[in-house]
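See structure below.
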Protein chains: 2
Amino acid sequence: MPEFNAPLRDMRFVLNELFDAPALWDRLPGLTQQIDSDTADAILEEAAKITSGLLAPLNRSGDEEGVHWQNGNVTTPNGFRQAYATYIEGGWVGLSGNPAFGGLGAPKMLAVLFEEMLYGANCSFALYSALSSGACLAIDAHASTELKERFLPPMYEGRWAGSMCLTEAHAGTDLGLILTRAEPRPDGSFRITGSKIFITGGEQDLTENIVHLVLAKLPDAPDGPKGISLFLVPKVLVNEDGTLGAGNSLGCGSIEHKMGIKASATCVMNFDGAAGWLIGEPNRGLAAMFTMMNYERLSIGIQGLGCAEASYQNARTYAKDRLQSRSATGRVATTQIADPIIVHGDVRRMLLTMKAMTEGGRAFACYVAQQLDLAKFATDPEERQNADLMVALLTPVAKAFFTDIGLESCIHGQQVFGGHGYIREWGQEQLVRDTRIAQIYEGTNGIQALDLLGRKILGNGGVSLSIFANEIRGYAEKSASPYSHQLLAALQRLLDVSDWLADQATIDANIISSSCVEYLHLFGYVSYAYLWTRMAEIAEKKRVEDETFYGAKRATAEFFFARLLPRIESLDSCIRNGSASLYALTTEQF
Amino acid sequence: MPEFNAPLRDMRFVLNELFDAPALWDRLPGLTQQIDSDTADAILEEAAKITSGLLAPLNRSGDEEGVHWQNGNVTTPNGFRQAYATYIEGGWVGLSGNPAFGGLGAPKMLAVLFEEMLYGANCSFALYSALSSGACLAIDAHASTELKERFLPPMYEGRWAGSMCLTEAHAGTDLGLILTRAEPRPDGSFRITGSKIFITGGEQDLTENIVHLVLAKLPDAPDGPKGISLFLVPKVLVNEDGTLGAGNSLGCGSIEHKMGIKASATCVMNFDGAAGWLIGEPNRGLAAMFTMMNYERLSIGIQGLGCAEASYQNARTYAKDRLQSRSATGRVATTQIADPIIVHGDVRRMLLTMKAMTEGGRAFACYVAQQLDLAKFATDPEERQNADLMVALLTPVAKAFFTDIGLESCIHGQQVFGGHGYIREWGQEQLVRDTRIAQIYEGTNGIQALDLLGRKILGNGGVSLSIFANEIRGYAEKSASPYSHQLLAALQRLLDVSDWLADQATIDANIISSSCVEYLHLFGYVSYAYLWTRMAEIAEKKRVEDETFYGAKRATAEFFFARLLPRIESLDSCIRNGSASLYALTTEQF
């Protein structure tokens with residue numbers, strides 16, 4: 001039975017030593033909760049306990065049992081109801097919620113670390129609250145005060161959950177095609193009619209109510225994405241005093257049978273003239289939904305990171321225990337029948353790839369979270385605006401790169417186990433199955449890459465990229481880190497290929513979609529190089545204090561620069577070879 | 001429900017146009033069966049029918065139902081028994097078997113194409129006969145005439161199956177650690193006692209008997225791999241006249257619950273003083289087993305290829321049907337609500353990656369098979385010897401590269417489907433789960449890479465590499481192919497890094513295991529570049545005849561050189577960055 005333990009030491013390193021978060025929080029008066037280093041630490045400790053002690057033990061059994069559907073009702077696996085009750089007692093759903101409506105107001109930098117633990121311990125369980133947090137965010141940002149007052153407090157408490165109803169059978173990426181209709185009713189509410197698929201947590205037995213955020217079209221709506229509105233559609237209607245009333249006209253038609261996240265209910269939701277309330281302005285639903293989507297995208301990225309951490313932990317334990325063959329440099333475990341496989345170069349390569357990418361990813365997640373906190377709480381408008389641009393720029397990278405690398409890491413972890421990685425009892429194959437979805441939902445990674453290159457790089461004339469590049473260059477030029485030069489070279493490569501793409505885009509309409517995935521990966525490696533350069537600088541300074549931790553950090557940085565960063569060379573070449581070879585075949589020639 | 005159709009047109013291209021196999025067969029008198037182009041074609045046609053019509057329809061249902069174990073008996077999924085009976089009527093198990101004992105004697109070049117179809121249609125089913133074919137090969141090469149006469153004919157017929165019993169709980173890669181014992185009995189046979197795990201087809205309900213090939217240690221055997229012997233241990237004892245006698249003292253203790261290949265029985269086999277017969281010489285069992293292992297390794301490589309082809313077929317169909325968003329260059333399907341997703345660059349990138357790597361892999365599989373045929377049937381001893389070296393050199397590449405790329409292809413195919421790729425009904429997620437094992441069993445891909453770089457490249461002083469490189473150079477220097485120069489550059493890169501590694505290995509014992517996987521991939525891409533250069537030359541010449549086929553081939557070659565071959569740049573850099581960064585951490589620092 002695999003264990004999961006939150007990597008607290010490394011999380012503290014990132015939060016306190018790399019980013020000095022407490023000092024940042026001190027200068028953000030809008031962060032009304034008094035979060036100092038001790039409080040943050042206590043929250044992380046408590047989060048580590050609940051994720052490793054309560055949620056991780058339900059991960060395998062949840063996968064084996066899965067979710068049951070009968071007559072529209074969904075039953076979560078054995079143990080989930082009880083665990084959820086304990087979980088919400090701790091107030092975790094509202095961790096970063098608005099204190100005006102009962103949220104705890106914790107900074108996002110803390111929340112992302114908690115989310116990583118959640119996904120590392122139990123992806124399926126994590127999703128039930130991830131969707132709630134995202135729904136709360138959209139309601140908080142766009143709904144009327146009345147709706148906020150009525151819905152947010154029980155949602156932050158976790159008594160009610162949220163869901164996100166976008167996809168229809170024929171409309172996934174292309175939401176402009178949705179057919180779900182919203183007809184106005186005299187009292188200002190709407191009748192929602194249509195069918196949605198792939199709805200995570202659309203139905204479950206954990207909460208008293210489920211607040212669906214539904215995309216639908218008003219009668220006179222324009223065609224396409226500019227004619228979509230967002231509605232709040234509760235499973236159970238809510239009386240003026242906040243008590244629960246009658247059931248709404250909606251139901252769960254079936255659940256999907258999936259490759260993984262089997263303990264998470266993925267529902268077909270049918271709305272049959274259900275009562276709904278408009279959130280935000282008519283026909284501006286996509287914009288409102290994107291508040292939630294950006295939040296969810298970072299969160300889903302972190303699913304990849306959490307699974308990668310879990311994979312690393314399992315594989316590391318196995319690699320230290322499993323005895324097989326002798327080291328190339330001579331016997332190590334002289335009294336044993338063979339050496340532990342961690343002596344072998346290829347096993348180390350796989351472990352270090354996981355370790356370097358997970359620690360780099362954790363730093364990047366915290367970096368994006370820092371930008372989210374700044375965008376929300378910075379007092380200087382320019383700082384807020386720049387942070388907003390950084391969030392927009394880096395969210396698609398986080399979502400896609402964390403999850404692509406997350407899958408790679410879970411596959412490496414499985415490979416370390418050999419045949420034992422393929423059978424179910426070790427939990428490694430579940431990690432592969434569970435993390436795979438994160439590359440697909442909340443906008444496929446191809447869509448994230450289009451968003452990055454098309455909108456966030458070329459679409460704003462490279463302004464956001466310049467801000468990010470200036471920060472990196474400013475740091476590297478005065479840093480004592482052993483990797484400053486490599487970082488500057490990698491950054492230049494990113495800037496050069498970005499320029500090349502900007503030129504190319506003026507003459508080739510296909511270049512963006514043809515090279516965006518390679519571009520996103522290149523961007524991801526350069527971003528990690530930035531954070532590894534900073535981490536290496538700290539580690540170099542502090543290794544006299546604690547060689548075990550800082551020496552490992554320093555050595556992992558070396559591995560990143562020696563064996564992972566060179567991946568950008570091929571990505572660069574592929575991009576520069578252009579789109580022509582992708583369009584030389586007719587449809588029939590495939 | 002996904003369909004599978006053998007890619008007959010492309011198979012004929014590889015067999016007849018790329019390699020001119022019929023002309024080759026004509027000059028190999030040892031190929032006693034009269035295989036001409038027409039016969040080969042008839043066999044392929046028939047194979048296509050049985051794989052698409054009989055086996056593919058059982059793929060999904062077999063996965064859903066899985067294999068059942070009760071009191072030592074294994075029941076295969078519904079429909080497997082009947083299908084197996086039809087399958088063996090066609091004589092497919094003995095397709096490339098020795099005609100002296102009832103095999104059909106077909107060349108390996110034909111057999112690999114058949115195997116690709118088998119795995120593409122139904123991996124689990126394919127494994128039941130793949131193990132038989134491999135066992136027959138080992139028996140044919142190393143057993144006494146008496147054993148051959150008694151066992152081979154019913155095995156080629158498919159009435160009896162074979163299994164390969166190597167792994168024990170504590171001994172996978174490191175077979176020198178096995179504990180299974182063999183005690184001599186007065187009649188010249190042995191008593192085999194021990195427990196084996198992960199035995200594919202160790203028990204099933206398809207055949208009257210199962211012939212286990214078991215690695216065990218004689219009482220006076222030296223320690224380690226040089227003290228291992230190979231035994232033939234039938235499930236049911238066989239009388240002198242070939243009829244079945246009493247059951248042997250062995251049984252299936254349980255079956256594994258796995259990520260995929262759920263319709264294939266993966267068994268714990270317990271031998272409790274079972275009667276066995278020595279195959280080959282005492283303590284030389286590993287060598288004898290490697291006859292089988294090399295065969296199996298190519299076959300398991302082809303599992304990756306078959307799955308990749310199936311993935312491509314499914315994704316291609318979906319990409320032509322699914323309407324979502326508009327092309328970057330303007331509407332294509334003007335009367336539809338959106339364009340088919342095949343217009344989008346990133347979808348094309350994924351489809352073309354699958355197509356280019358599968359067609360390149362198919363050519364490479366046939367190339368290796370050609371070497372196997374030459375090694376067996378060439379009349380010139382030097383040609384035989386060279387071919388032997390090529391088989392040894394290229395088999396680990398085929399096994400590991402086909403399966404690593406196979407997984408990548410199945411993941412691309414799944415990604416093309418978006419959310420629909422993650423749910424079970426479309427079959428894509430099963431391909432990912434089924435193909436994943438092929439990177440692990442028959443020697444993990446890390447072990448294949450060690451074998452390639454350690455034994456086949458550095459271990460023989462680069463002799464085999466020179467032969468392969470001379471062939472490539474000889475071709476490229478006089479070829480009219482548009483890619484000759486790129487091929488020569490890629491080859492030079494491979495040779496340079498091979499030289500660098502040879503030097504490095506004299507001073508760094510860790511370099512081989514630290515860089516072998518990247519090296520194997522680099523080798524794989526260069527091999528594919530060779531075959532794509534040749535295919536492009538033919539396509540260029542013939543495109544006036546049939547633009548649909550040859551134009552597509554030509555364009556796919558272009559994609560390979562533009563977007564896939566550049567991957568070797570990063571691999572090269574990673575290798576040259578050496579092993580130091582993998583060994584800078586102590587075990588405790590992981």
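Letters for chains follow the order of the structure tokens (A, B, ...), residue numbers begin at 1 for each chain, and ligand numbers begin at 1 in the order shown.
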**Q.** Distance-based interface of chain B with chain A, 7 Å, counting only C-alpha atoms, as a ChimeraX atom specification
**A.** /B:173-174,256-259,316,324-325,328-329,344-346,348-349,415,418-419,422-424,429,437,440-441,444,446,509-510,513-514,548-549,552,555,558-559,562-563,566-567,569-570,573-574,577,581-582,584-585,589-590
Please give the complete set of residues from region 48-179 of chain B that DSSP, run on the backbone, assigns to alpha helix (DSSP H), formatted as a tab-separated table (two decimals) with N, CA, C and O atoms, in the first residue's frame.
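states.tsv, freshly written:
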chain	number	residue	atom	x	y	z
B	48	ALA	N	-5.46	-10.25	-42.50
B	48	ALA	CA	-6.24	-9.04	-42.28
B	48	ALA	C	-7.68	-9.38	-41.94
B	48	ALA	O	-8.29	-8.79	-41.05
B	49	LYS	N	-8.21	-10.38	-42.63
B	49	LYS	CA	-9.60	-10.78	-42.37
B	49	LYS	C	-9.77	-11.30	-40.95
B	49	LYS	O	-10.70	-10.92	-40.24
B	59	ASN	N	-11.84	-7.29	-28.53
B	59	ASN	CA	-10.83	-6.54	-27.78
B	59	ASN	C	-11.43	-5.79	-26.60
B	59	ASN	O	-10.94	-5.89	-25.47
B	60	ARG	N	-12.48	-5.03	-26.86
B	60	ARG	CA	-13.09	-4.24	-25.80
B	60	ARG	C	-13.78	-5.13	-24.78
B	60	ARG	O	-13.65	-4.94	-23.57
B	61	SER	N	-14.54	-6.12	-25.27
B	61	SER	CA	-15.28	-6.98	-24.35
B	61	SER	C	-14.31	-7.79	-23.49
B	61	SER	O	-14.54	-8.00	-22.30
B	62	GLY	N	-13.19	-8.20	-24.07
B	62	GLY	CA	-12.18	-8.92	-23.29
B	62	GLY	C	-11.61	-8.06	-22.19
B	62	GLY	O	-11.36	-8.52	-21.08
B	63	ASP	N	-11.41	-6.77	-22.49
B	63	ASP	CA	-10.90	-5.84	-21.49
B	63	ASP	C	-11.92	-5.64	-20.37
B	63	ASP	O	-11.57	-5.61	-19.19
B	64	GLU	N	-13.17	-5.50	-20.75
B	64	GLU	CA	-14.21	-5.26	-19.74
B	64	GLU	C	-14.37	-6.48	-18.83
B	64	GLU	O	-14.50	-6.34	-17.62
B	65	GLU	N	-14.37	-7.65	-19.43
B	65	GLU	CA	-14.63	-8.86	-18.62
B	65	GLU	C	-13.38	-9.33	-17.89
B	65	GLU	O	-13.43	-9.73	-16.74
B	80	PHE	N	-13.34	-15.89	-26.37
B	80	PHE	CA	-11.94	-16.18	-26.65
B	80	PHE	C	-11.72	-17.63	-27.07
B	80	PHE	O	-10.91	-17.90	-27.96
B	81	ARG	N	-12.41	-18.56	-26.39
B	81	ARG	CA	-12.21	-19.99	-26.72
B	81	ARG	C	-12.59	-20.27	-28.18
B	81	ARG	O	-11.84	-20.90	-28.92
B	82	GLN	N	-13.76	-19.76	-28.53
B	82	GLN	CA	-14.25	-19.99	-29.89
B	82	GLN	C	-13.31	-19.34	-30.92
B	82	GLN	O	-12.97	-19.94	-31.93
B	83	ALA	N	-12.94	-18.12	-30.63
B	83	ALA	CA	-12.06	-17.41	-31.56
B	83	ALA	C	-10.72	-18.13	-31.69
B	83	ALA	O	-10.16	-18.26	-32.79
B	84	TYR	N	-10.22	-18.62	-30.56
B	84	TYR	CA	-8.93	-19.32	-30.60
B	84	TYR	C	-9.03	-20.58	-31.46
B	84	TYR	O	-8.11	-20.90	-32.23
B	85	ALA	N	-10.14	-21.28	-31.34
B	85	ALA	CA	-10.33	-22.50	-32.14
B	85	ALA	C	-10.30	-22.16	-33.64
B	85	ALA	O	-9.65	-22.85	-34.44
B	86	THR	N	-10.99	-21.10	-34.01
B	86	THR	CA	-10.98	-20.67	-35.42
B	86	THR	C	-9.57	-20.26	-35.84
B	86	THR	O	-9.11	-20.58	-36.95
B	87	TYR	N	-8.93	-19.53	-34.94
B	87	TYR	CA	-7.60	-19.00	-35.21
B	87	TYR	C	-6.61	-20.12	-35.51
B	87	TYR	O	-5.85	-20.06	-36.47
B	88	ILE	N	-6.61	-21.17	-34.68
B	88	ILE	CA	-5.61	-22.23	-34.90
B	88	ILE	C	-5.95	-23.09	-36.11
B	88	ILE	O	-5.06	-23.66	-36.73
B	89	GLU	N	-7.22	-23.14	-36.46
B	89	GLU	CA	-7.57	-23.83	-37.71
B	89	GLU	C	-6.82	-23.25	-38.90
B	89	GLU	O	-6.48	-23.95	-39.84
B	108	LYS	N	10.27	-14.44	-41.79
B	108	LYS	CA	9.97	-13.55	-40.69
B	108	LYS	C	9.41	-12.21	-41.18
B	108	LYS	O	8.60	-11.58	-40.50
B	109	MET	N	9.84	-11.79	-42.38
B	109	MET	CA	9.35	-10.52	-42.93
B	109	MET	C	7.83	-10.51	-43.08
B	109	MET	O	7.21	-9.47	-42.99
B	110	LEU	N	7.30	-11.68	-43.33
B	110	LEU	CA	5.85	-11.78	-43.43
B	110	LEU	C	5.25	-11.89	-42.02
B	110	LEU	O	4.21	-11.29	-41.71
B	111	ALA	N	5.95	-12.65	-41.18
B	111	ALA	CA	5.43	-12.90	-39.83
B	111	ALA	C	5.31	-11.60	-39.02
B	111	ALA	O	4.35	-11.42	-38.27
B	112	VAL	N	6.27	-10.69	-39.18
B	112	VAL	CA	6.17	-9.45	-38.39
B	112	VAL	C	4.96	-8.62	-38.80
B	112	VAL	O	4.35	-7.95	-37.96
B	113	LEU	N	4.62	-8.67	-40.07
B	113	LEU	CA	3.43	-7.91	-40.51
B	113	LEU	C	2.18	-8.53	-39.90
B	113	LEU	O	1.27	-7.82	-39.46
B	114	PHE	N	2.15	-9.86	-39.89
B	114	PHE	CA	1.03	-10.55	-39.26
B	114	PHE	C	0.96	-10.20	-37.78
B	114	PHE	O	-0.11	-9.89	-37.23
B	115	GLU	N	2.11	-10.22	-37.10
B	115	GLU	CA	2.11	-9.89	-35.67
B	115	GLU	C	1.60	-8.48	-35.42
B	115	GLU	O	0.88	-8.23	-34.46
B	116	GLU	N	2.00	-7.55	-36.28
B	116	GLU	CA	1.51	-6.18	-36.09
B	116	GLU	C	-0.02	-6.14	-36.13
B	116	GLU	O	-0.66	-5.47	-35.32
B	117	MET	N	-0.58	-6.88	-37.07
B	117	MET	CA	-2.06	-6.92	-37.16
B	117	MET	C	-2.66	-7.52	-35.89
B	117	MET	O	-3.65	-7.03	-35.36
B	118	LEU	N	-2.04	-8.61	-35.42
B	118	LEU	CA	-2.54	-9.29	-34.22
B	118	LEU	C	-2.61	-8.34	-33.04
B	118	LEU	O	-3.63	-8.24	-32.35
B	119	TYR	N	-1.49	-7.67	-32.78
B	119	TYR	CA	-1.44	-6.77	-31.64
B	119	TYR	C	-2.35	-5.56	-31.85
B	119	TYR	O	-2.96	-5.06	-30.90
B	120	GLY	N	-2.43	-5.09	-33.07
B	120	GLY	CA	-3.31	-3.96	-33.33
B	120	GLY	C	-4.76	-4.30	-33.09
B	120	GLY	O	-5.55	-3.48	-32.64
B	121	ALA	N	-5.11	-5.56	-33.38
B	121	ALA	CA	-6.50	-5.98	-33.23
B	121	ALA	C	-6.84	-6.33	-31.79
B	121	ALA	O	-7.92	-6.00	-31.29
B	123	CYS	N	-4.39	-7.10	-28.28
B	123	CYS	CA	-3.13	-7.41	-27.60
B	123	CYS	C	-3.22	-8.64	-26.71
B	123	CYS	O	-2.32	-9.48	-26.70
B	124	SER	N	-4.28	-8.72	-25.94
B	124	SER	CA	-4.38	-9.83	-24.99
B	124	SER	C	-4.43	-11.15	-25.72
B	124	SER	O	-3.74	-12.11	-25.35
B	125	PHE	N	-5.24	-11.21	-26.76
B	125	PHE	CA	-5.34	-12.44	-27.54
B	125	PHE	C	-4.00	-12.78	-28.17
B	125	PHE	O	-3.54	-13.93	-28.14
B	126	ALA	N	-3.35	-11.77	-28.73
B	126	ALA	CA	-2.07	-11.98	-29.42
B	126	ALA	C	-1.05	-12.65	-28.52
B	126	ALA	O	-0.25	-13.48	-28.96
B	127	LEU	N	-1.08	-12.30	-27.23
B	127	LEU	CA	-0.06	-12.82	-26.32
B	127	LEU	C	-0.14	-14.33	-26.16
B	127	LEU	O	0.88	-14.99	-25.96
B	128	TYR	N	-1.35	-14.89	-26.23
B	128	TYR	CA	-1.45	-16.34	-26.05
B	128	TYR	C	-0.66	-17.08	-27.11
B	128	TYR	O	-0.01	-18.08	-26.81
B	129	SER	N	-0.67	-16.57	-28.34
B	129	SER	CA	0.11	-17.29	-29.36
B	129	SER	C	1.55	-16.79	-29.48
B	129	SER	O	2.43	-17.54	-29.90
B	130	ALA	N	1.79	-15.54	-29.08
B	130	ALA	CA	3.17	-15.02	-29.18
B	130	ALA	C	4.11	-15.84	-28.30
B	130	ALA	O	5.23	-16.16	-28.68
B	131	LEU	N	3.63	-16.18	-27.09
B	131	LEU	CA	4.47	-16.97	-26.20
B	131	LEU	C	4.69	-18.37	-26.74
B	131	LEU	O	5.77	-18.94	-26.59
B	132	SER	N	3.68	-18.92	-27.40
B	132	SER	CA	3.85	-20.24	-28.01
B	132	SER	C	4.90	-20.21	-29.10
B	132	SER	O	5.78	-21.07	-29.16
B	133	SER	N	4.81	-19.19	-29.95
B	133	SER	CA	5.78	-19.11	-31.06
B	133	SER	C	7.21	-19.01	-30.51
B	133	SER	O	8.13	-19.65	-31.02
B	134	GLY	N	7.39	-18.20	-29.48
B	134	GLY	CA	8.72	-18.05	-28.90
B	134	GLY	C	9.20	-19.34	-28.26
B	134	GLY	O	10.38	-19.73	-28.42
B	135	ALA	N	8.31	-20.04	-27.55
B	135	ALA	CA	8.70	-21.29	-26.90
B	135	ALA	C	9.11	-22.32	-27.96
B	135	ALA	O	10.09	-23.05	-27.80
B	136	CYS	N	8.35	-22.36	-29.05
B	136	CYS	CA	8.69	-23.29	-30.14
B	136	CYS	C	10.10	-23.02	-30.66
B	136	CYS	O	10.86	-23.95	-30.95
B	137	LEU	N	10.42	-21.76	-30.79
B	137	LEU	CA	11.73	-21.37	-31.31
B	137	LEU	C	12.85	-21.89	-30.42
B	137	LEU	O	13.86	-22.42	-30.89
B	138	ALA	N	12.67	-21.73	-29.10
B	138	ALA	CA	13.70	-22.19	-28.16
B	138	ALA	C	13.81	-23.71	-28.18
B	138	ALA	O	14.91	-24.27	-28.15
B	139	ILE	N	12.66	-24.37	-28.24
B	139	ILE	CA	12.68	-25.84	-28.29
B	139	ILE	C	13.36	-26.30	-29.58
B	139	ILE	O	14.23	-27.17	-29.57
B	140	ASP	N	12.96	-25.69	-30.69
B	140	ASP	CA	13.51	-26.07	-31.98
B	140	ASP	C	15.04	-25.87	-32.01
B	140	ASP	O	15.77	-26.68	-32.58
B	141	ALA	N	15.50	-24.82	-31.37
B	141	ALA	CA	16.94	-24.50	-31.42
B	141	ALA	C	17.77	-25.33	-30.44
B	141	ALA	O	18.94	-25.60	-30.69
B	142	HIS	N	17.19	-25.73	-29.32
B	142	HIS	CA	18.03	-26.28	-28.25
B	142	HIS	C	17.61	-27.64	-27.70
B	142	HIS	O	18.41	-28.28	-27.01
B	145	THR	N	16.03	-34.05	-30.24
B	145	THR	CA	15.10	-34.40	-31.32
B	145	THR	C	13.83	-35.05	-30.75
B	145	THR	O	12.72	-34.78	-31.21
B	146	GLU	N	14.02	-35.87	-29.73
B	146	GLU	CA	12.87	-36.55	-29.12
B	146	GLU	C	11.86	-35.52	-28.59
B	146	GLU	O	10.65	-35.64	-28.82
B	147	LEU	N	12.36	-34.53	-27.85
B	147	LEU	CA	11.46	-33.50	-27.32
B	147	LEU	C	10.81	-32.71	-28.45
B	147	LEU	O	9.61	-32.42	-28.42
B	148	LYS	N	11.62	-32.39	-29.44
B	148	LYS	CA	11.06	-31.63	-30.58
B	148	LYS	C	9.92	-32.39	-31.23
B	148	LYS	O	8.87	-31.83	-31.51
B	149	GLU	N	10.18	-33.70	-31.47
B	149	GLU	CA	9.16	-34.49	-32.17
B	149	GLU	C	7.89	-34.61	-31.34
B	149	GLU	O	6.79	-34.64	-31.87
B	150	ARG	N	8.08	-34.65	-30.03
B	150	ARG	CA	6.90	-34.84	-29.18
B	150	ARG	C	6.12	-33.53	-28.98
B	150	ARG	O	4.91	-33.54	-28.92
B	151	PHE	N	6.86	-32.43	-28.88
B	151	PHE	CA	6.19	-31.19	-28.47
B	151	PHE	C	5.89	-30.21	-29.61
B	151	PHE	O	4.89	-29.51	-29.58
B	152	LEU	N	6.79	-30.14	-30.58
B	152	LEU	CA	6.61	-29.06	-31.57
B	152	LEU	C	5.33	-29.19	-32.42
B	152	LEU	O	4.63	-28.19	-32.60
B	153	PRO	N	5.02	-30.38	-32.94
B	153	PRO	CA	3.84	-30.41	-33.84
B	153	PRO	C	2.54	-29.92	-33.17
B	153	PRO	O	1.88	-29.04	-33.73
B	154	PRO	N	2.20	-30.41	-31.98
B	154	PRO	CA	0.95	-29.86	-31.39
B	154	PRO	C	1.06	-28.38	-31.01
B	154	PRO	O	0.05	-27.68	-30.95
B	155	MET	N	2.29	-27.92	-30.74
B	155	MET	CA	2.45	-26.49	-30.42
B	155	MET	C	2.27	-25.64	-31.68
B	155	MET	O	1.62	-24.60	-31.65
B	156	TYR	N	2.86	-26.07	-32.80
B	156	TYR	CA	2.67	-25.32	-34.05
B	156	TYR	C	1.19	-25.33	-34.45
B	156	TYR	O	0.68	-24.35	-34.99
B	157	GLU	N	0.55	-26.45	-34.18
B	157	GLU	CA	-0.89	-26.52	-34.49
B	157	GLU	C	-1.70	-25.56	-33.64
B	157	GLU	O	-2.83	-25.21	-33.98
Q: Calculate how many Å separate CA of Gly158 (chain A) from CA of Val238 (chain A), rounding to one decimal.
A: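 Answer for the CA of Gly158 (chain A) to CA of Val238 (chain A) separation: 15.9 Å.
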Q. With only C-alpha atoms as the atoms that count, which of B:Ala369, B:Leu286, B:Ala392, B:Ala502 lies nearest to Gln448 (chain B)?
A.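 Going through B:Ala369, B:Leu286, B:Ala392, B:Ala502 one by one, the smallest distance to Gln448 (chain B) is for B:Ala392.
Ranking B:Ala363, B:Val93, B:Ile210, B:Ile538 by their shortest atom-to-atom distance to Asp10 (chain B), with only C-alpha atoms included, puts B:Ala363 first.
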Q: Step one, run DSSP on the backbone; step two, keep only residues of region 184-396 of chain B assigned to strand (DSSP E or B); then write them as a ChimeraX atom specification.
A: /B:184,190-200,209-217,228-234,236-238,244-247,250-255,258,266-279,284,323,340
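Pairwise distance (CA of Gly201 (chain A), CA of Trp160 (chain A)) equals 11.5 Å.
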